[in-house]
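Trainee: The structure that follows is given in the form of structure tokens.
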Amino acid sequence: MDGFKNPDSQIIKVARNLFQKNKKGKVLQSSARKSALNIFIRLKDENPNATIKSIVDRASELTGVSASTLFKIEKEAKSGILQTPGKKRPNAVGKRTRLNTYDSFTLQSIRRRVHSFYKRNEIPTVKKLLNDLNNEADILQQKISERTLCRLLNDIGFSFKKRRRQSALIERDDIIAWRRKYLRDIKLYKEQQKIIYYLDETWVNAGISTTKVWQDKTIKSCSDARRKGLSTGLKGPSGKGGRLIITHVGSERGFVNDAADIFSSKKTKDYHEEMDGNHFESWFKSKLIPKLEPNSIIVMDNASYHSVKEEKLPTQSWRKKDIQEWLTNKNIPWGSDLLKLELLQIVSTVKVVV
């Protein structure tokens, strides 16, 4: 094999080191197989007139990999798959083992049991399903864990996901700026060791339920479900029921005791419509403030009822006479020959000061 152009010594050294990690008779790892292949390709490119056998023999001599193994590696590379032979893939092996352990009757019984929950309009939680299956001796020969049941459900075509889509939040530049300022302020307050309370409102409906359930991905249509004697799954609840509106405040120590404001809603739309500045102010002053630590910080959003103006300012909808009267009460000079638009311009220049 004289006259052969050899690859760089560093490449050969790496290949030899990888091969030496594998004892004789053991499977060659994918990283070592790739390095041996690189040596073979380099020899082939730099010795175009040499035969494949002579190139393989030379590569075998340089790397310590047998000629037969190099031929197999070259064949694998042509098929596009180069990996450690016989290496166990835990997920795939586990799936095959589970599906072999349980016959088709058992797997179909599990599927039908999930769909029986759908038909009763009941959410098939793993805990409920496991309890039913473990109590039926003719379905499972031995009791299984919740984790095993989850894996079995995935194996037979179920997936755990939401029943409806959610819209994505797209942030504006001003929201990003507000958040940065908020984080800087919070950091300062924490350095000053002040207690930070977080306030917010929410609502709860009588018909509220979880949004994620086990869904059978193998059911493609209503006719497919009927043909198999199954169902199309659970639908989202149609009725919301009564609604309670809740306002509460808490800190890292937990919720403030006896500070919650709860009342029944009379509408089914946005709960913010039923909150008003007077109600919020009354709860804030009489029920919340007395229960907070002195010199503490309260964090809340910019809902309209969180910051009610003490006095309404003139707008375009005001009559000209009312704007003139407002300016007079504020001792702000104005001319009788001014138009309504000009009066509003005066208002805009002084309302920050007033």
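Each chain in the structure tokens gets a letter, A, B, ..., in the order shown, and its residues are numbered from 1; ligands are numbered from 1 in order too.
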Per residue of region 223-325 of chain A within 12 Å of region 107-112 of chain A, what are the shortest atom pair and its distance in Å to one decimal, counting only C-alpha atoms, with rows by chain and residue number, as a tab-separated table?

Mentor:
```
residue	atom	partner	partner_atom	distance
A:Ala225	CA	A:Arg112	CA	11.0
A:Lys228	CA	A:Arg112	CA	9.7
A:Gly229	CA	A:Arg112	CA	8.4
A:Leu230	CA	A:Arg112	CA	6.6
A:Ser231	CA	A:Arg112	CA	8.8
A:Thr232	CA	A:Arg112	CA	11.6
A:Gly233	CA	A:Arg112	CA	11.1
```

Trainee: How many Å lie between CA of Glu76 (chain A) and CA of Asn100 (chain A), rounded to one decimal?

Mentor: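 These atoms are spaced 29.7 Å apart.
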
Trainee: Determine which residues of region 152-274 of chain A receive a DSSP assignment of strand (DSSP E or B), computed from the backbone, and state them as a CSV table (one decimal) with all heavy atoms, in the first residue's frame.

Mentor:
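And here is the file that came out, result28.csv:
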```
chain,number,residue,atom,x,y,z
A,158,PHE,N,-53.8,8.0,22.5
A,158,PHE,CA,-54.4,9.1,23.2
A,158,PHE,C,-53.3,10.2,23.5
A,158,PHE,O,-52.1,9.9,23.5
A,158,PHE,CB,-55.0,8.7,24.6
A,158,PHE,CG,-56.3,7.9,24.5
A,158,PHE,CD1,-56.3,6.6,24.4
A,158,PHE,CD2,-57.5,8.6,24.5
A,158,PHE,CE1,-57.5,5.9,24.3
A,158,PHE,CE2,-58.7,7.9,24.4
A,158,PHE,CZ,-58.7,6.6,24.3
A,159,SER,N,-53.8,11.4,23.6
A,159,SER,CA,-52.9,12.5,24.0
A,159,SER,C,-53.5,13.4,25.0
A,159,SER,O,-54.8,13.6,24.9
A,159,SER,CB,-52.4,13.3,22.7
A,159,SER,OG,-53.5,13.9,22.1
A,160,PHE,N,-52.8,14.0,25.9
A,160,PHE,CA,-53.3,14.9,26.9
A,160,PHE,C,-53.1,16.3,26.5
A,160,PHE,O,-52.0,16.9,26.5
A,160,PHE,CB,-52.6,14.6,28.2
A,160,PHE,CG,-53.3,15.3,29.4
A,160,PHE,CD1,-54.5,14.9,29.8
A,160,PHE,CD2,-52.7,16.3,30.1
A,160,PHE,CE1,-55.1,15.5,30.9
A,160,PHE,CE2,-53.3,16.9,31.2
A,160,PHE,CZ,-54.5,16.5,31.6
A,161,LYS,N,-54.2,17.0,26.0
A,161,LYS,CA,-54.1,18.4,25.5
A,161,LYS,C,-55.4,19.1,25.8
A,161,LYS,O,-56.4,18.6,26.2
A,161,LYS,CB,-53.8,18.3,24.0
A,161,LYS,CG,-54.8,17.6,23.2
A,161,LYS,CD,-54.4,17.6,21.7
A,161,LYS,CE,-55.4,16.9,20.9
A,161,LYS,NZ,-55.0,16.8,19.4
A,162,LYS,N,-55.3,20.4,25.5
A,162,LYS,CA,-56.5,21.3,25.7
A,162,LYS,C,-57.6,21.0,24.7
A,162,LYS,O,-57.3,20.7,23.6
A,162,LYS,CB,-56.0,22.8,25.7
A,162,LYS,CG,-55.2,23.2,26.9
A,162,LYS,CD,-55.0,24.7,26.9
A,162,LYS,CE,-54.2,25.1,28.1
A,162,LYS,NZ,-54.0,26.6,28.2
A,196,ILE,N,-44.4,43.6,49.9
A,196,ILE,CA,-45.0,43.8,48.6
A,196,ILE,C,-46.3,43.0,48.5
A,196,ILE,O,-46.2,41.7,48.6
A,196,ILE,CB,-44.1,43.5,47.4
A,196,ILE,CG1,-42.8,44.3,47.5
A,196,ILE,CG2,-44.8,43.8,46.1
A,196,ILE,CD1,-41.8,44.0,46.4
A,197,TYR,N,-47.4,43.6,48.4
A,197,TYR,CA,-48.7,42.9,48.3
A,197,TYR,C,-49.1,43.0,46.8
A,197,TYR,O,-48.9,44.0,46.1
A,197,TYR,CB,-49.8,43.6,49.1
A,197,TYR,CG,-49.5,43.5,50.6
A,197,TYR,CD1,-48.9,44.5,51.3
A,197,TYR,CD2,-49.9,42.3,51.3
A,197,TYR,CE1,-48.7,44.4,52.7
A,197,TYR,CE2,-49.7,42.2,52.7
A,197,TYR,CZ,-49.1,43.2,53.4
A,197,TYR,OH,-48.9,43.1,54.7
A,198,TYR,N,-49.8,41.9,46.3
A,198,TYR,CA,-50.3,41.9,45.0
A,198,TYR,C,-51.8,41.8,45.0
A,198,TYR,O,-52.3,40.9,45.7
A,198,TYR,CB,-49.7,40.7,44.2
A,198,TYR,CG,-48.2,40.8,44.1
A,198,TYR,CD1,-47.3,40.3,45.1
A,198,TYR,CD2,-47.6,41.4,43.0
A,198,TYR,CE1,-45.9,40.4,45.0
A,198,TYR,CE2,-46.2,41.5,42.9
A,198,TYR,CZ,-45.4,41.0,43.9
A,198,TYR,OH,-44.0,41.1,43.8
A,199,LEU,N,-52.5,42.6,44.3
A,199,LEU,CA,-53.9,42.7,44.3
A,199,LEU,C,-54.5,42.4,42.9
A,199,LEU,O,-53.9,42.9,41.9
A,199,LEU,CB,-54.3,44.1,44.8
A,199,LEU,CG,-55.8,44.4,44.9
A,199,LEU,CD1,-56.1,45.5,46.0
A,199,LEU,CD2,-56.5,44.9,43.6
A,200,ASP,N,-55.5,41.7,42.8
A,200,ASP,CA,-56.2,41.4,41.5
A,200,ASP,C,-57.6,40.9,41.7
A,200,ASP,O,-58.0,40.5,42.8
A,200,ASP,CB,-55.3,40.4,40.7
A,200,ASP,CG,-55.6,40.6,39.2
A,200,ASP,OD1,-56.4,41.4,38.8
A,200,ASP,OD2,-54.9,39.9,38.4
A,201,GLU,N,-58.3,40.9,40.6
A,201,GLU,CA,-59.7,40.4,40.6
A,201,GLU,C,-59.8,39.2,39.7
A,201,GLU,O,-59.0,39.1,38.7
A,201,GLU,CB,-60.7,41.4,40.1
A,201,GLU,CG,-60.7,42.7,40.9
A,201,GLU,CD,-59.6,43.7,40.5
A,201,GLU,OE1,-59.1,43.6,39.4
A,201,GLU,OE2,-59.3,44.6,41.3
A,202,THR,N,-60.7,38.3,40.0
A,202,THR,CA,-61.0,37.2,39.1
A,202,THR,C,-62.4,36.8,39.3
A,202,THR,O,-63.2,37.4,40.0
A,202,THR,CB,-60.0,36.0,39.4
A,202,THR,OG1,-60.2,35.0,38.4
A,202,THR,CG2,-60.4,35.4,40.8
A,203,TRP,N,-62.8,35.7,38.6
A,203,TRP,CA,-64.2,35.3,38.6
A,203,TRP,C,-64.2,33.7,38.6
A,203,TRP,O,-63.2,33.1,38.1
A,203,TRP,CB,-65.0,35.8,37.5
A,203,TRP,CG,-64.4,35.6,36.1
A,203,TRP,CD1,-63.6,36.4,35.4
A,203,TRP,CD2,-64.6,34.4,35.3
A,203,TRP,NE1,-63.2,35.8,34.3
A,203,TRP,CE2,-63.9,34.6,34.2
A,203,TRP,CE3,-65.4,33.2,35.5
A,203,TRP,CZ2,-63.8,33.6,33.2
A,203,TRP,CZ3,-65.3,32.3,34.5
A,203,TRP,CH2,-64.6,32.5,33.3
A,204,VAL,N,-65.3,33.1,39.0
A,204,VAL,CA,-65.4,31.7,38.9
A,204,VAL,C,-66.9,31.4,38.6
A,204,VAL,O,-67.8,31.9,39.1
A,204,VAL,CB,-65.0,31.0,40.2
A,204,VAL,CG1,-65.8,31.4,41.4
A,204,VAL,CG2,-65.0,29.5,40.0
A,205,ASN,N,-67.1,30.5,37.6
A,205,ASN,CA,-68.4,30.0,37.2
A,205,ASN,C,-68.7,28.7,37.9
A,205,ASN,O,-67.9,27.9,38.1
A,205,ASN,CB,-68.5,29.9,35.7
A,205,ASN,CG,-68.6,31.2,35.0
A,205,ASN,OD1,-69.2,32.1,35.6
A,205,ASN,ND2,-68.1,31.3,33.8
A,212,LYS,N,-58.1,20.4,29.9
A,212,LYS,CA,-57.4,19.3,29.3
A,212,LYS,C,-58.0,17.9,29.7
A,212,LYS,O,-58.3,17.7,30.8
A,212,LYS,CB,-55.9,19.3,29.8
A,212,LYS,CG,-55.0,20.3,29.1
A,212,LYS,CD,-53.6,20.1,29.5
A,212,LYS,CE,-52.7,21.0,28.7
A,212,LYS,NZ,-51.2,20.8,29.0
A,213,VAL,N,-58.2,17.1,28.7
A,213,VAL,CA,-58.7,15.7,28.9
A,213,VAL,C,-57.9,14.8,28.0
A,213,VAL,O,-57.3,15.2,27.0
A,213,VAL,CB,-60.2,15.7,28.6
A,213,VAL,CG1,-61.0,16.5,29.5
A,213,VAL,CG2,-60.5,16.0,27.1
A,214,TRP,N,-58.1,13.5,28.2
A,214,TRP,CA,-57.5,12.5,27.4
A,214,TRP,C,-58.4,12.4,26.1
A,214,TRP,O,-59.6,12.1,26.2
A,214,TRP,CB,-57.4,11.1,28.1
A,214,TRP,CG,-56.3,11.1,29.1
A,214,TRP,CD1,-56.4,11.2,30.4
A,214,TRP,CD2,-54.9,10.9,28.8
A,214,TRP,NE1,-55.1,11.1,31.0
A,214,TRP,CE2,-54.2,11.0,30.0
A,214,TRP,CE3,-54.1,10.7,27.6
A,214,TRP,CZ2,-52.8,10.8,30.1
A,214,TRP,CZ3,-52.8,10.6,27.7
A,214,TRP,CH2,-52.1,10.6,28.9
A,215,GLN,N,-57.8,12.5,24.9
A,215,GLN,CA,-58.5,12.5,23.7
A,215,GLN,C,-57.9,11.4,22.8
A,215,GLN,O,-56.7,11.2,22.7
A,215,GLN,CB,-58.4,13.8,22.9
A,215,GLN,CG,-59.0,15.0,23.8
A,215,GLN,CD,-59.0,16.3,23.0
A,215,GLN,OE1,-59.3,16.3,21.8
A,215,GLN,NE2,-58.8,17.4,23.7
A,216,ASP,N,-58.8,10.6,22.2
A,216,ASP,CA,-58.5,9.5,21.3
A,216,ASP,C,-58.1,10.0,19.9
A,216,ASP,O,-59.0,10.4,19.2
A,216,ASP,CB,-59.6,8.5,21.2
A,216,ASP,CG,-59.2,7.2,20.6
A,216,ASP,OD1,-58.1,7.1,20.0
A,216,ASP,OD2,-59.9,6.2,20.7
A,243,ARG,N,-72.0,33.2,38.5
A,243,ARG,CA,-70.6,33.7,38.5
A,243,ARG,C,-70.4,34.5,39.8
A,243,ARG,O,-71.3,35.3,40.2
A,243,ARG,CB,-70.4,34.6,37.3
A,243,ARG,CG,-69.0,35.3,37.3
A,243,ARG,CD,-68.8,36.1,36.1
A,243,ARG,NE,-68.5,35.3,34.9
A,243,ARG,CZ,-68.1,35.7,33.8
A,243,ARG,NH1,-68.0,37.0,33.6
A,243,ARG,NH2,-67.9,34.9,32.8
A,244,LEU,N,-69.3,34.3,40.4
A,244,LEU,CA,-68.8,35.0,41.6
A,244,LEU,C,-67.6,35.9,41.2
A,244,LEU,O,-66.7,35.4,40.5
A,244,LEU,CB,-68.5,34.1,42.7
A,244,LEU,CG,-69.6,33.3,43.4
A,244,LEU,CD1,-69.0,32.4,44.5
A,244,LEU,CD2,-70.6,34.3,44.0
A,245,ILE,N,-67.6,37.1,41.6
A,245,ILE,CA,-66.5,38.0,41.4
A,245,ILE,C,-65.7,38.1,42.7
A,245,ILE,O,-66.2,38.4,43.7
A,245,ILE,CB,-66.9,39.4,40.9
A,245,ILE,CG1,-67.7,39.3,39.5
A,245,ILE,CG2,-65.7,40.3,40.7
A,245,ILE,CD1,-68.2,40.5,39.0
A,246,ILE,N,-64.4,37.9,42.6
A,246,ILE,CA,-63.5,37.8,43.8
A,246,ILE,C,-62.4,38.8,43.6
A,246,ILE,O,-61.7,38.9,42.6
A,246,ILE,CB,-62.9,36.4,44.0
A,246,ILE,CG1,-64.1,35.4,44.0
A,246,ILE,CG2,-62.1,36.4,45.2
A,246,ILE,CD1,-63.6,34.0,43.9
A,247,THR,N,-62.2,39.6,44.6
A,247,THR,CA,-61.0,40.5,44.7
A,247,THR,C,-60.2,40.1,46.0
A,247,THR,O,-60.8,40.0,47.1
A,247,THR,CB,-61.4,42.0,44.8
A,247,THR,OG1,-62.3,42.3,43.7
A,247,THR,CG2,-60.2,42.9,44.8
A,248,HIS,N,-58.9,39.9,45.8
A,248,HIS,CA,-58.1,39.5,47.0
A,248,HIS,C,-56.7,40.1,46.9
A,248,HIS,O,-56.3,40.5,45.8
A,248,HIS,CB,-58.1,38.0,47.1
A,248,HIS,CG,-58.0,37.5,48.5
A,248,HIS,ND1,-57.6,38.3,49.6
A,248,HIS,CD2,-58.4,36.3,49.1
A,248,HIS,CE1,-57.6,37.6,50.7
A,248,HIS,NE2,-58.1,36.4,50.4
A,249,VAL,N,-56.0,40.0,47.9
A,249,VAL,CA,-54.6,40.5,48.0
A,249,VAL,C,-53.7,39.6,48.8
A,249,VAL,O,-54.2,39.0,49.8
A,249,VAL,CB,-54.6,42.0,48.5
A,249,VAL,CG1,-55.0,42.0,50.0
A,249,VAL,CG2,-53.2,42.6,48.4
A,250,GLY,N,-52.5,39.5,48.4
A,250,GLY,CA,-51.6,38.6,49.2
A,250,GLY,C,-50.1,39.0,48.9
A,250,GLY,O,-49.8,39.8,48.0
A,251,SER,N,-49.3,38.4,49.7
A,251,SER,CA,-47.8,38.6,49.6
A,251,SER,C,-47.1,37.3,49.6
A,251,SER,O,-47.8,36.2,49.6
A,251,SER,CB,-47.3,39.5,50.7
A,251,SER,OG,-47.4,38.9,51.9
A,254,GLY,N,-48.5,34.9,52.0
A,254,GLY,CA,-49.8,34.3,51.8
A,254,GLY,C,-50.9,35.3,51.6
A,254,GLY,O,-50.6,36.5,51.6
A,255,PHE,N,-52.1,34.9,51.5
A,255,PHE,CA,-53.2,35.8,51.4
A,255,PHE,C,-53.5,36.6,52.7
A,255,PHE,O,-53.3,36.0,53.8
A,255,PHE,CB,-54.5,35.1,50.9
A,255,PHE,CG,-54.5,34.7,49.5
A,255,PHE,CD1,-54.4,33.3,49.2
A,255,PHE,CD2,-54.7,35.6,48.5
A,255,PHE,CE1,-54.4,32.9,47.9
A,255,PHE,CE2,-54.6,35.2,47.1
A,255,PHE,CZ,-54.5,33.9,46.8
A,261,ASP,N,-62.9,40.3,48.9
A,261,ASP,CA,-64.2,40.9,48.5
A,261,ASP,C,-64.9,40.0,47.5
A,261,ASP,O,-64.4,39.8,46.4
A,261,ASP,CB,-64.0,42.3,48.0
A,261,ASP,CG,-65.3,42.9,47.6
A,261,ASP,OD1,-66.3,42.7,48.3
A,261,ASP,OD2,-65.3,43.7,46.5
A,262,ILE,N,-66.0,39.4,47.9
A,262,ILE,CA,-66.7,38.4,47.0
A,262,ILE,C,-68.2,38.8,46.9
A,262,ILE,O,-68.8,39.1,47.9
A,262,ILE,CB,-66.6,37.0,47.6
A,262,ILE,CG1,-65.2,36.6,47.8
A,262,ILE,CG2,-67.3,36.0,46.7
A,262,ILE,CD1,-65.0,35.2,48.5
A,263,PHE,N,-68.6,38.9,45.6
A,263,PHE,CA,-70.0,39.2,45.4
A,263,PHE,C,-70.5,38.5,44.1
A,263,PHE,O,-69.7,38.2,43.3
A,263,PHE,CB,-70.3,40.7,45.4
A,263,PHE,CG,-69.6,41.4,44.2
A,263,PHE,CD1,-70.3,41.6,43.0
A,263,PHE,CD2,-68.3,42.0,44.4
A,263,PHE,CE1,-69.7,42.3,42.0
A,263,PHE,CE2,-67.7,42.6,43.3
A,263,PHE,CZ,-68.4,42.8,42.1
A,264,SER,N,-71.8,38.3,44.1
A,264,SER,CA,-72.4,37.6,42.9
A,264,SER,C,-72.6,38.5,41.8
A,264,SER,O,-73.0,39.7,41.9
A,264,SER,CB,-73.8,37.0,43.4
A,264,SER,OG,-74.4,36.3,42.3
```

Trainee: So, counting only C-alpha atoms, which residue among A:Leu234, A:Ile39, A:Leu339, A:Val347 is closest to Glu122 (chain A)?

Mentor: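 Closest to Glu122 (chain A), using only C-alpha atoms: A:Leu234.
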
Trainee: Distance CA of Val350 (chain A)-CA of Gly277 (chain A), one decimal place?

Mentor: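 Between these atoms lies a distance of 25.0 Å.
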
Trainee: Given the choices A:Leu140, A:Leu338, A:Ala259, A:Ile55, which gets closest to Ser286 (chain A) if the distance is worked out from only C-alpha atoms?

Mentor: A:Ala259

Trainee: Could you jot down the CA of Ile123 (chain A) to CA of Arg163 (chain A) separation for me, Å, one decimal place?

Mentor: 11.4 Å

Trainee: Once DSSP has gone over the backbone, tell me which residues of region 189-332 of chain A are in helix (DSSP H, G or I), as a ChimeraX atom specification.

Mentor: /A:189-191,222-228,271-274,277-291,304-306,320-329

Trainee: Write out as number ranges by chain the residues lying within 9 Å of Leu99 (chain A), counting only C-alpha atoms and excluding same-chain residues fewer than 6 positions away.

Mentor: A: 107, 152, 155-156

Trainee: Near region 316-320 of chain A, within 7 Å and counting only C-alpha atoms, which residues show up once chain neighbours fewer than 3 positions away are dropped, as a compact mmCIF listing (two decimals) with N, CA and C atoms, in the first residue's frame?

Mentor:
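Output (out-v5.txt):
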```
# COMPACT_ATOMS: atom_id res chain seq x y z
N ILE A 323 -67.67 74.39 29.55
CA ILE A 323 -66.21 74.52 29.55
C ILE A 323 -65.81 75.89 30.12
N GLN A 324 -66.54 76.93 29.71
CA GLN A 324 -66.27 78.27 30.22
C GLN A 324 -66.46 78.32 31.73
N LYS A 340 -64.83 76.96 20.96
CA LYS A 340 -64.82 75.80 21.84
C LYS A 340 -63.48 75.05 21.73
```

Trainee: I want to know what sits within 12 Å of Lys190 (chain A), based on only C-alpha atoms, with residues of the same chain fewer than 5 positions away left out; could you give that as a ChimeraX atom specification?

Mentor: /A:183-185,195-197,252,296-297
